[in-house]
$ cat upload_13.cif   # mmCIF, C-alpha atoms
data_entry
#
loop_
_atom_site.group_PDB
_atom_site.id
_atom_site.type_symbol
_atom_site.label_atom_id
_atom_site.label_comp_id
_atom_site.auth_asym_id
_atom_site.auth_seq_id
_atom_site.Cartn_x
_atom_site.Cartn_y
_atom_site.Cartn_z
ATOM 1 C CA MET A 5 11.793 47.670 23.519
ATOM 2 C CA SER A 6 9.965 44.373 23.639
ATOM 3 C CA ALA A 7 7.670 45.640 20.904
ATOM 4 C CA LEU A 8 10.593 45.873 18.521
ATOM 5 C CA SER A 9 11.540 42.239 18.970
ATOM 6 C CA TYR A 10 7.981 40.972 18.706
ATOM 7 C CA PRO A 11 6.342 42.627 15.716
ATOM 8 C CA ASP A 12 2.911 41.036 15.770
ATOM 9 C CA HIS A 13 1.301 44.465 15.701
ATOM 10 C CA ILE A 14 2.717 47.386 13.747
ATOM 11 C CA THR A 15 2.383 50.497 15.881
ATOM 12 C CA ALA A 16 2.909 54.081 14.860
ATOM 13 C CA THR A 17 6.442 53.937 16.241
ATOM 14 C CA TYR A 18 7.550 51.708 13.379
ATOM 15 C CA TYR A 19 6.296 54.193 10.830
ATOM 16 C CA LEU A 20 7.904 57.082 12.674
ATOM 17 C CA VAL A 21 11.278 55.350 12.820
ATOM 18 C CA LEU A 22 11.016 54.562 9.121
ATOM 19 C CA ALA A 23 10.133 58.181 8.365
ATOM 20 C CA ALA A 24 13.117 59.315 10.441
ATOM 21 C CA ALA A 25 15.407 57.014 8.473
ATOM 22 C CA LEU A 26 13.974 58.243 5.179
ATOM 23 C CA PHE A 27 14.413 61.858 6.232
ATOM 24 C CA THR A 28 17.999 61.211 7.322
ATOM 25 C CA ILE A 29 18.887 59.547 4.036
ATOM 26 C CA GLY A 30 17.392 62.482 2.152
ATOM 27 C CA ALA A 31 19.260 65.032 4.242
ATOM 28 C CA VAL A 32 22.592 63.230 3.885
ATOM 29 C CA GLY A 33 22.020 62.852 0.147
ATOM 30 C CA LEU A 34 21.271 66.558 -0.157
ATOM 31 C CA LEU A 35 24.581 67.325 1.527
ATOM 32 C CA ILE A 36 26.835 64.901 -0.342
ATOM 33 C CA ARG A 37 25.490 65.073 -3.891
ATOM 34 C CA LYS A 38 26.609 67.734 -6.357
ATOM 35 C CA ASN A 39 24.104 67.140 -9.135
ATOM 36 C CA THR A 40 21.270 69.605 -8.558
ATOM 37 C CA LEU A 41 18.713 67.206 -10.049
ATOM 38 C CA VAL A 42 19.632 64.499 -7.550
ATOM 39 C CA MET A 43 19.585 67.098 -4.787
ATOM 40 C CA PHE A 44 16.006 67.834 -5.768
ATOM 41 C CA MET A 45 15.149 64.153 -5.553
ATOM 42 C CA CYS A 46 16.619 64.093 -2.040
ATOM 43 C CA ILE A 47 14.333 66.992 -1.118
ATOM 44 C CA GLU A 48 11.434 64.878 -2.379
ATOM 45 C CA LEU A 49 12.590 62.055 -0.089
ATOM 46 C CA MET A 50 12.527 64.409 2.890
ATOM 47 C CA LEU A 51 9.061 65.687 1.966
ATOM 48 C CA ASN A 52 7.848 62.101 1.727
ATOM 49 C CA ALA A 53 9.223 61.361 5.176
ATOM 50 C CA ALA A 54 7.252 64.314 6.527
ATOM 51 C CA ASN A 55 4.111 63.118 4.736
ATOM 52 C CA LEU A 56 4.542 59.632 6.149
ATOM 53 C CA THR A 57 4.799 61.129 9.621
ATOM 54 C CA PHE A 58 1.607 63.114 9.089
ATOM 55 C CA VAL A 59 -0.304 60.052 7.915
ATOM 56 C CA SER A 60 1.036 57.981 10.813
ATOM 57 C CA PHE A 61 -0.120 60.545 13.349
ATOM 58 C CA ALA A 62 -3.490 60.839 11.633
ATOM 59 C CA ASN A 63 -3.895 57.103 12.004
ATOM 60 C CA ALA A 64 -2.578 56.954 15.562
ATOM 61 C CA LEU A 65 -4.650 59.869 16.854
ATOM 62 C CA ASN A 66 -7.695 59.103 14.675
ATOM 63 C CA ASP A 67 -7.665 62.655 13.321
ATOM 64 C CA ILE A 68 -8.416 63.514 9.712
ATOM 65 C CA SER A 69 -6.435 66.750 9.633
ATOM 66 C CA GLY A 70 -3.142 64.876 9.272
ATOM 67 C CA GLN A 71 -4.283 63.516 5.935
ATOM 68 C CA VAL A 72 -5.590 66.912 4.816
ATOM 69 C CA ILE A 73 -2.225 68.503 5.528
ATOM 70 C CA VAL A 74 -0.569 65.896 3.303
ATOM 71 C CA PHE A 75 -2.590 67.404 0.450
ATOM 72 C CA PHE A 76 -1.127 70.822 1.070
ATOM 73 C CA THR A 77 2.359 69.341 1.320
ATOM 74 C CA LEU A 78 1.812 67.687 -2.049
ATOM 75 C CA VAL A 79 0.714 70.979 -3.604
ATOM 76 C CA VAL A 80 3.741 72.785 -2.225
ATOM 77 C CA ALA A 81 5.999 69.958 -3.420
ATOM 78 C CA ALA A 82 4.562 70.120 -6.928
ATOM 79 C CA ALA A 83 5.013 73.891 -7.069
ATOM 80 C CA GLU A 84 8.521 73.568 -5.692
ATOM 81 C CA VAL A 85 9.499 70.983 -8.306
ATOM 82 C CA ALA A 86 8.100 73.091 -11.147
ATOM 83 C CA VAL A 87 9.923 76.253 -10.081
ATOM 84 C CA GLY A 88 13.094 74.401 -9.115
ATOM 85 C CA LEU A 89 13.388 72.554 -12.397
ATOM 86 C CA ALA A 90 12.803 75.835 -14.248
ATOM 87 C CA ILE A 91 15.677 77.353 -12.256
ATOM 88 C CA ILE A 92 17.874 74.360 -13.112
ATOM 89 C CA ILE A 93 17.047 74.767 -16.799
ATOM 90 C CA ALA A 94 17.892 78.475 -16.628
ATOM 91 C CA ILE A 95 21.217 77.711 -14.914
ATOM 92 C CA PHE A 96 22.012 75.010 -17.459
ATOM 93 C CA ARG A 97 21.393 77.434 -20.349
ATOM 94 C CA ARG A 98 23.860 79.872 -18.822
ATOM 95 C CA ARG A 99 26.574 77.499 -17.609
ATOM 96 C CA GLN A 100 26.067 74.186 -19.479
ATOM 97 C CA SER A 101 26.220 72.352 -16.178
ATOM 98 C CA VAL A 102 23.932 71.253 -13.350
ATOM 99 C CA ASN A 103 26.762 70.835 -10.881
ATOM 100 C CA ALA A 104 26.140 72.771 -7.683
ATOM 101 C CA ASP A 105 29.868 73.488 -7.335
ATOM 102 C CA ASP A 106 29.803 75.495 -10.566
ATOM 103 C CA VAL A 107 27.270 77.954 -9.169
ATOM 104 C CA ASP A 108 29.429 79.545 -6.500
ATOM 105 C CA LEU A 109 29.402 83.249 -7.349
ATOM 106 C CA LEU A 110 27.777 84.050 -4.015
ATOM 107 C CA LYS A 111 30.531 82.250 -2.110
ATOM 108 C CA GLY A 112 32.578 85.442 -1.900
ATOM 109 C CA MET B 13 0.249 40.022 7.645
ATOM 110 C CA ASP B 14 0.520 43.648 8.681
ATOM 111 C CA ALA B 15 4.092 43.080 9.709
ATOM 112 C CA VAL B 16 4.982 41.367 6.441
ATOM 113 C CA ILE B 17 3.567 44.225 4.366
ATOM 114 C CA PHE B 18 5.206 46.817 6.549
ATOM 115 C CA PHE B 19 8.667 45.307 6.559
ATOM 116 C CA ALA B 20 8.619 44.565 2.817
ATOM 117 C CA SER B 21 7.511 48.130 2.035
ATOM 118 C CA ALA B 22 9.957 49.615 4.523
ATOM 119 C CA ALA B 23 12.824 47.675 2.963
ATOM 120 C CA LEU B 24 11.805 48.927 -0.490
ATOM 121 C CA VAL B 25 11.537 52.495 0.812
ATOM 122 C CA LEU B 26 15.037 52.395 2.254
ATOM 123 C CA VAL B 27 16.548 50.625 -0.753
ATOM 124 C CA GLY B 28 14.991 53.202 -3.067
ATOM 125 C CA ALA B 29 16.172 56.107 -0.930
ATOM 126 C CA LEU B 30 19.719 54.754 -0.761
ATOM 127 C CA GLY B 31 19.606 54.159 -4.511
ATOM 128 C CA VAL B 32 18.681 57.806 -5.072
ATOM 129 C CA VAL B 33 21.628 58.944 -2.997
ATOM 130 C CA VAL B 34 24.333 56.591 -4.283
ATOM 131 C CA GLY B 35 23.215 56.327 -7.912
ATOM 132 C CA ARG B 36 25.821 57.785 -10.254
ATOM 133 C CA ASN B 37 23.358 58.265 -13.100
ATOM 134 C CA PRO B 38 20.461 60.745 -12.577
ATOM 135 C CA VAL B 39 18.105 58.468 -14.515
ATOM 136 C CA HIS B 40 18.829 55.620 -12.098
ATOM 137 C CA SER B 41 18.226 57.992 -9.196
ATOM 138 C CA ALA B 42 14.841 58.966 -10.640
ATOM 139 C CA LEU B 43 13.837 55.324 -11.022
ATOM 140 C CA PHE B 44 14.915 54.529 -7.466
ATOM 141 C CA LEU B 45 12.850 57.528 -6.361
ATOM 142 C CA LEU B 46 9.887 55.884 -8.084
ATOM 143 C CA VAL B 47 10.436 52.719 -6.005
ATOM 144 C CA THR B 48 10.432 54.767 -2.813
ATOM 145 C CA LEU B 49 7.309 56.731 -3.743
ATOM 146 C CA VAL B 50 5.271 53.641 -4.625
ATOM 147 C CA SER B 51 6.351 51.893 -1.416
ATOM 148 C CA VAL B 52 5.345 54.934 0.622
ATOM 149 C CA ALA B 53 1.947 54.764 -1.103
ATOM 150 C CA VAL B 54 1.632 51.171 0.101
ATOM 151 C CA LEU B 55 2.364 52.355 3.634
ATOM 152 C CA TYR B 56 -0.362 55.013 3.272
ATOM 153 C CA LEU B 57 -2.816 52.324 2.208
ATOM 154 C CA GLN B 58 -1.889 50.281 5.241
ATOM 155 C CA GLN B 59 -2.713 53.248 7.456
ATOM 156 C CA HIS B 60 -6.223 53.725 6.062
ATOM 157 C CA ALA B 61 -5.284 56.672 3.864
ATOM 158 C CA ALA B 62 -6.576 55.369 0.555
ATOM 159 C CA LEU B 63 -7.117 58.723 -1.133
ATOM 160 C CA VAL B 64 -3.718 60.013 -0.072
ATOM 161 C CA ALA B 65 -2.153 56.844 -1.470
ATOM 162 C CA ALA B 66 -3.938 57.319 -4.803
ATOM 163 C CA ILE B 67 -2.807 60.928 -5.005
ATOM 164 C CA GLN B 68 0.716 59.874 -4.087
ATOM 165 C CA ILE B 69 0.725 57.568 -7.118
ATOM 166 C CA VAL B 70 -0.909 60.077 -9.470
ATOM 167 C CA VAL B 71 0.968 63.222 -8.470
ATOM 168 C CA TYR B 72 4.301 61.992 -7.169
ATOM 169 C CA ALA B 73 5.003 58.722 -8.901
ATOM 170 C CA SER B 74 3.542 59.852 -12.205
ATOM 171 C CA ALA B 75 3.769 63.588 -12.628
ATOM 172 C CA ILE B 76 6.828 64.539 -10.623
ATOM 173 C CA VAL B 77 9.046 61.609 -11.612
ATOM 174 C CA VAL B 78 8.097 62.054 -15.265
ATOM 175 C CA LEU B 79 8.918 65.760 -14.937
ATOM 176 C CA PHE B 80 12.321 64.817 -13.526
ATOM 177 C CA LEU B 81 12.937 62.381 -16.375
ATOM 178 C CA PHE B 82 11.871 64.973 -18.945
ATOM 179 C CA VAL B 83 14.305 67.516 -17.551
ATOM 180 C CA ILE B 84 17.126 64.949 -17.386
ATOM 181 C CA THR B 85 16.634 64.007 -21.025
ATOM 182 C CA LEU B 86 16.079 67.637 -22.062
ATOM 183 C CA LEU B 87 19.339 68.764 -20.520
ATOM 184 C CA GLY B 88 21.219 65.647 -21.554
ATOM 185 C CA VAL B 89 22.862 65.287 -18.151
ATOM 186 C CA ASP B 90 22.390 61.529 -17.908
ATOM 187 C CA LYS B 91 26.122 61.071 -17.659
ATOM 188 C CA PHE B 92 27.883 59.330 -14.832
ATOM 189 C CA GLU B 93 29.122 61.696 -12.212
ATOM 190 C CA PRO B 94 32.829 61.649 -11.479
ATOM 191 C CA LEU B 95 33.630 60.101 -8.133
ATOM 192 C CA ASP B 96 36.328 62.578 -7.153
ATOM 193 C CA ASP B 97 35.163 65.199 -4.753
ATOM 194 C CA ALA B 98 36.350 68.769 -4.342
ATOM 195 C CA HIS B 99 35.571 68.631 -0.636
ATOM 196 C CA PRO B 100 36.377 65.129 0.635
ATOM 197 C CA LEU B 101 35.661 66.061 4.239
ATOM 198 C CA GLN B 102 32.147 67.179 3.403
ATOM 199 C CA ARG B 103 30.942 63.675 2.598
ATOM 200 C CA VAL B 104 32.271 62.204 5.852
ATOM 201 C CA ALA B 105 30.893 65.103 7.893
ATOM 202 C CA ALA B 106 27.486 64.783 6.241
ATOM 203 C CA ILE B 107 27.250 61.065 6.960
ATOM 204 C CA VAL B 108 28.365 61.531 10.587
ATOM 205 C CA LEU B 109 25.858 64.338 11.117
ATOM 206 C CA GLY B 110 23.122 62.270 9.481
ATOM 207 C CA VAL B 111 23.765 59.307 11.769
ATOM 208 C CA LEU B 112 23.782 61.648 14.763
ATOM 209 C CA ALA B 113 20.446 63.156 13.709
ATOM 210 C CA PHE B 114 18.928 59.725 13.238
ATOM 211 C CA VAL B 115 20.140 58.563 16.655
ATOM 212 C CA GLY B 116 18.709 61.732 18.182
ATOM 213 C CA ILE B 117 15.299 61.060 16.685
ATOM 214 C CA ILE B 118 15.388 57.437 17.865
ATOM 215 C CA VAL B 119 16.184 58.604 21.389
ATOM 216 C CA LEU B 120 13.079 60.770 21.162
ATOM 217 C CA VAL B 121 11.002 57.815 19.981
ATOM 218 C CA HIS B 122 12.244 55.589 22.791
ATOM 219 C CA GLY B 123 9.557 55.264 25.390
ATOM 220 C CA ASN B 124 6.839 55.790 22.796
ATOM 221 C CA ARG B 125 6.195 59.347 23.847
ATOM 222 C CA TRP B 126 5.501 60.614 20.350
ATOM 223 C CA VAL B 127 1.940 59.544 19.923
ATOM 224 C CA THR B 128 0.335 61.694 22.562
ATOM 225 C CA GLY B 129 -2.109 64.520 22.572
ATOM 226 C CA ALA B 130 -5.803 65.055 22.053
ATOM 227 C CA HIS B 131 -7.550 62.607 19.758
ATOM 228 C CA SER B 132 -9.797 63.728 16.930
ATOM 229 C CA THR B 133 -9.746 67.452 17.388
ATOM 230 C CA ARG B 134 -10.793 67.906 13.758
ATOM 231 C CA GLY B 135 -12.945 64.862 13.319
ATOM 232 C CA ALA B 136 -12.337 61.140 13.137
ATOM 233 C CA LEU B 137 -10.791 59.326 10.219
ATOM 234 C CA GLY B 138 -14.147 58.012 9.108
ATOM 235 C CA ALA B 139 -14.943 54.644 7.629
ATOM 236 C CA THR B 140 -11.619 52.920 7.217
ATOM 237 C CA ASP B 141 -12.766 49.865 5.286
ATOM 238 C CA SER B 142 -14.465 51.582 2.378
ATOM 239 C CA GLY B 143 -12.072 54.498 2.309
ATOM 240 C CA ASN B 144 -12.557 57.892 3.886
ATOM 241 C CA VAL B 145 -12.861 60.133 0.840
ATOM 242 C CA LYS B 146 -16.023 61.776 2.101
ATOM 243 C CA THR B 147 -14.610 62.529 5.534
ATOM 244 C CA LEU B 148 -11.464 63.946 4.015
ATOM 245 C CA ALA B 149 -13.345 66.099 1.517
ATOM 246 C CA THR B 150 -15.648 67.453 4.222
ATOM 247 C CA SER B 151 -12.684 68.487 6.328
ATOM 248 C CA LEU B 152 -10.860 69.944 3.323
ATOM 249 C CA PHE B 153 -13.797 72.113 2.243
ATOM 250 C CA THR B 154 -14.902 73.247 5.707
ATOM 251 C CA ASP B 155 -12.036 73.499 8.188
ATOM 252 C CA PHE B 156 -9.290 74.046 5.633
ATOM 253 C CA VAL B 157 -11.167 75.917 2.921
ATOM 254 C CA TRP B 158 -9.053 79.078 3.165
ATOM 255 C CA ALA B 159 -5.826 77.122 2.947
ATOM 256 C CA PHE B 160 -7.329 75.292 -0.014
ATOM 257 C CA GLU B 161 -8.064 78.585 -1.772
ATOM 258 C CA ILE B 162 -4.568 79.842 -1.082
ATOM 259 C CA THR B 163 -3.060 76.752 -2.711
ATOM 260 C CA ALA B 164 -4.756 77.860 -5.935
ATOM 261 C CA VAL B 165 -2.899 81.170 -5.711
ATOM 262 C CA LEU B 166 0.332 79.316 -4.977
ATOM 263 C CA LEU B 167 -0.100 77.072 -8.019
ATOM 264 C CA VAL B 168 -0.793 80.035 -10.310
ATOM 265 C CA ILE B 169 2.308 81.806 -9.014
ATOM 266 C CA ALA B 170 4.379 78.648 -9.506
ATOM 267 C CA VAL B 171 3.163 78.131 -13.073
ATOM 268 C CA VAL B 172 3.777 81.747 -14.076
ATOM 269 C CA GLY B 173 7.145 81.781 -12.333
ATOM 270 C CA SER B 174 8.374 78.587 -13.945
ATOM 271 C CA VAL B 175 7.294 79.793 -17.392
ATOM 272 C CA VAL B 176 9.139 83.079 -16.885
ATOM 273 C CA LEU B 177 12.233 81.311 -15.559
ATOM 274 C CA ALA B 178 12.408 78.672 -18.269
ATOM 275 C CA ARG B 179 11.826 81.191 -21.053
ATOM 276 C CA ARG B 180 14.922 81.826 -23.118
ATOM 277 C CA SER B 181 16.284 85.141 -21.864
ATOM 278 C CA GLY B 182 16.359 87.846 -24.526
ATOM 279 C CA HIS B 183 14.143 85.821 -26.806
ATOM 280 C CA ARG B 184 10.980 87.593 -27.860
ATOM 281 C CA PRO B 185 8.207 85.514 -29.397
ATOM 282 C CA GLU B 186 7.468 86.473 -33.012
ATOM 283 C CA VAL B 187 4.191 88.282 -33.569
ATOM 284 C CA GLY B 188 2.531 86.854 -36.635
ATOM 285 C CA LEU B 189 4.048 84.575 -39.219
ATOM 286 C CA PRO B 190 7.456 85.323 -40.713
ATOM 287 C CA GLU B 191 7.415 86.673 -44.269
ATOM 288 C CA ALA B 192 7.232 84.280 -47.181
ATOM 289 C CA GLY B 193 10.631 83.491 -48.641
ATOM 290 C CA SER B 194 12.498 84.191 -45.436
ATOM 291 C CA PRO B 195 14.657 81.339 -44.167
ATOM 292 C CA GLU B 196 12.566 80.980 -41.020
ATOM 293 C CA ARG B 197 9.386 80.461 -42.987
ATOM 294 C CA GLU B 198 10.983 77.790 -45.155
ATOM 295 C CA ARG B 199 12.333 75.999 -42.099
ATOM 296 C CA THR B 200 8.936 75.886 -40.462
ATOM 297 C CA SER B 201 7.141 74.798 -43.638
ATOM 298 C CA THR B 202 9.454 71.856 -44.221
#

$ encode --input "upload_13.cif" --output "structure tokens"
Amino acid sequence: MSALSYPDHITATYYLVLAAALFTIGAVGLLIRKNTLVMFMCIELMLNAANLTFVSFANALNDISGQVIVFFTLVVAAAEVAVGLAIIIAIFRRRQSVNADDVDLLKG
Amino acid sequence: MDAVIFFASAALVLVGALGVVVGRNPVHSALFLLVTLVSVAVLYLQQHAALVAAIQIVVYASAIVVLFLFVITLLGVDKFEPLDDAHPLQRVAAIVLGVLAFVGIIVLVHGNRWVTGAHSTRGALGATDSGNVKTLATSLFTDFVWAFEITAVLLVIAVVGSVVLARRSGHRPEVGLPEAGSPERERTST
């Protein structure tokens, strides 16, 4: 733990801890927010934490494939946002609301 | 200098992420998301991932945040959310579980056992000073070429699916122009 108190050199551990914190904030936000748009933004936070982890490992292990995989994550994220926002628009047309609590027909 | 850049960017990342979660207005959340995305791009730059940082700015910070803002303004949901919660226990449980998950990950990090394994199984990072666009492109179009082709299929499916989903249900597009003198024609001409 001496590295944490003496940050003259930023190792991969710093980035990984930051990515863990970012992922945790995104996950907690996804659970506590009701607005589906903000829930989507929290998913973006979690995806960014994963991307940051990939880039950190690519740098630490000197391996290019970590950065290539970030590309594919970005593509999937873009597709996910497009489809998800279309779903939100469709729900809003039907229910005049983007509150996740209003869409509970499957709750039983 | 590395430490200064890292801690400034990390603080901005966390402030932006917390702003997304606690912001009562979706527009504020989107702008805080922008702060986080740009700070993450700075962290990419610091780790010799120049092209990834540029794409982070172009795709995430520009396209996706603008898409979010468009949808927020289109739906007119930029109202402040009420603070009262139907499930008050859920918020406490979520925060407790989040802290537990974070502590679990930190316990894993302790001892620095994460960064292990074989180095450069798919090729080195390449020139880090002048950027590694060439190295990255070579890997993308040789080792990962099939995955790259499949992303094209995924994007086509996503575009078609979002168009179908966002289309007004029951609405059929008119074939040809409406007749002259009909109210629709006059509305479109004026």

$ resolve_selection --input "upload_13.cif" --expression "the PyMOL selection byres ((chain A and resi 103) around 9)" --output "list in words"
Lys38, Asn39, Thr40, Leu41, Ser101, Val102, Ala104, Asp105, Asp106 and Val107 of chain A

$ closest_residue --input "upload_13.cif" --among "A:Leu109, A:Leu78, A:Leu26, A:Ala90" --to "B:Leu24" --atoms "only C-alpha atoms"
A:Leu26

$ residues_near_point --input "upload_13.cif" --point "(0.9, 67.3, -12.4)" --cutoff "12 Å" --atoms "all atoms listed in the file" --output "VMD selection string"
(chain A and resid 78 to 86) or (chain B and resid 67 to 80 167 171)

$ interface_residues --input "upload_13.cif" --of "chain A" --to "chain B" --cutoff "6 Å" --atoms "only C-alpha atoms" --output "MDAnalysis selection string"
chainID A and resid 28 32:33 36 65:68 83 87 90 94

$ resolve_selection --input "upload_13.cif" --expression "the PyMOL selection byres ((chain A and resi 52-57) around 6)" --output "NGL selection string"
:A and (20 or 23 or 26-27 or 49-51 or 58-60 or 74)

$ axis_aligned_box --input "upload_13.cif" --around "stretch 110-119 of chain B" --padding-each-side "5 Å" --output "JSON"
{"center_x": 19.5, "center_y": 60.3, "center_z": 15.4, "size_x": 18.5, "size_y": 15.7, "size_z": 21.9}

$ atom_distance --input "upload_13.cif" --atom1 "atom CA of A:Gly88" --atom2 "atom CA of A:Ile47"
11.0 Å

$ atom_distance --input "upload_13.cif" --atom1 "atom CA of B:Ser21" --atom2 "atom CA of B:Val50"
8.9 Å

$ atom_distance --input "upload_13.cif" --atom1 "atom CA of A:Phe76" --atom2 "atom CA of A:Tyr19"
20.7 Å

$ closest_residue --input "upload_13.cif" --among "A:Val42, A:Leu110, A:Val72, A:Ile93" --to "B:Leu43" --atoms "all atoms listed in the file"
A:Val42

$ closest_residue --input "upload_13.cif" --among "A:Met43, A:Ala64, A:Ala31, A:Glu48" --to "A:Thr15" --atoms "all atoms listed in the file"
A:Ala64
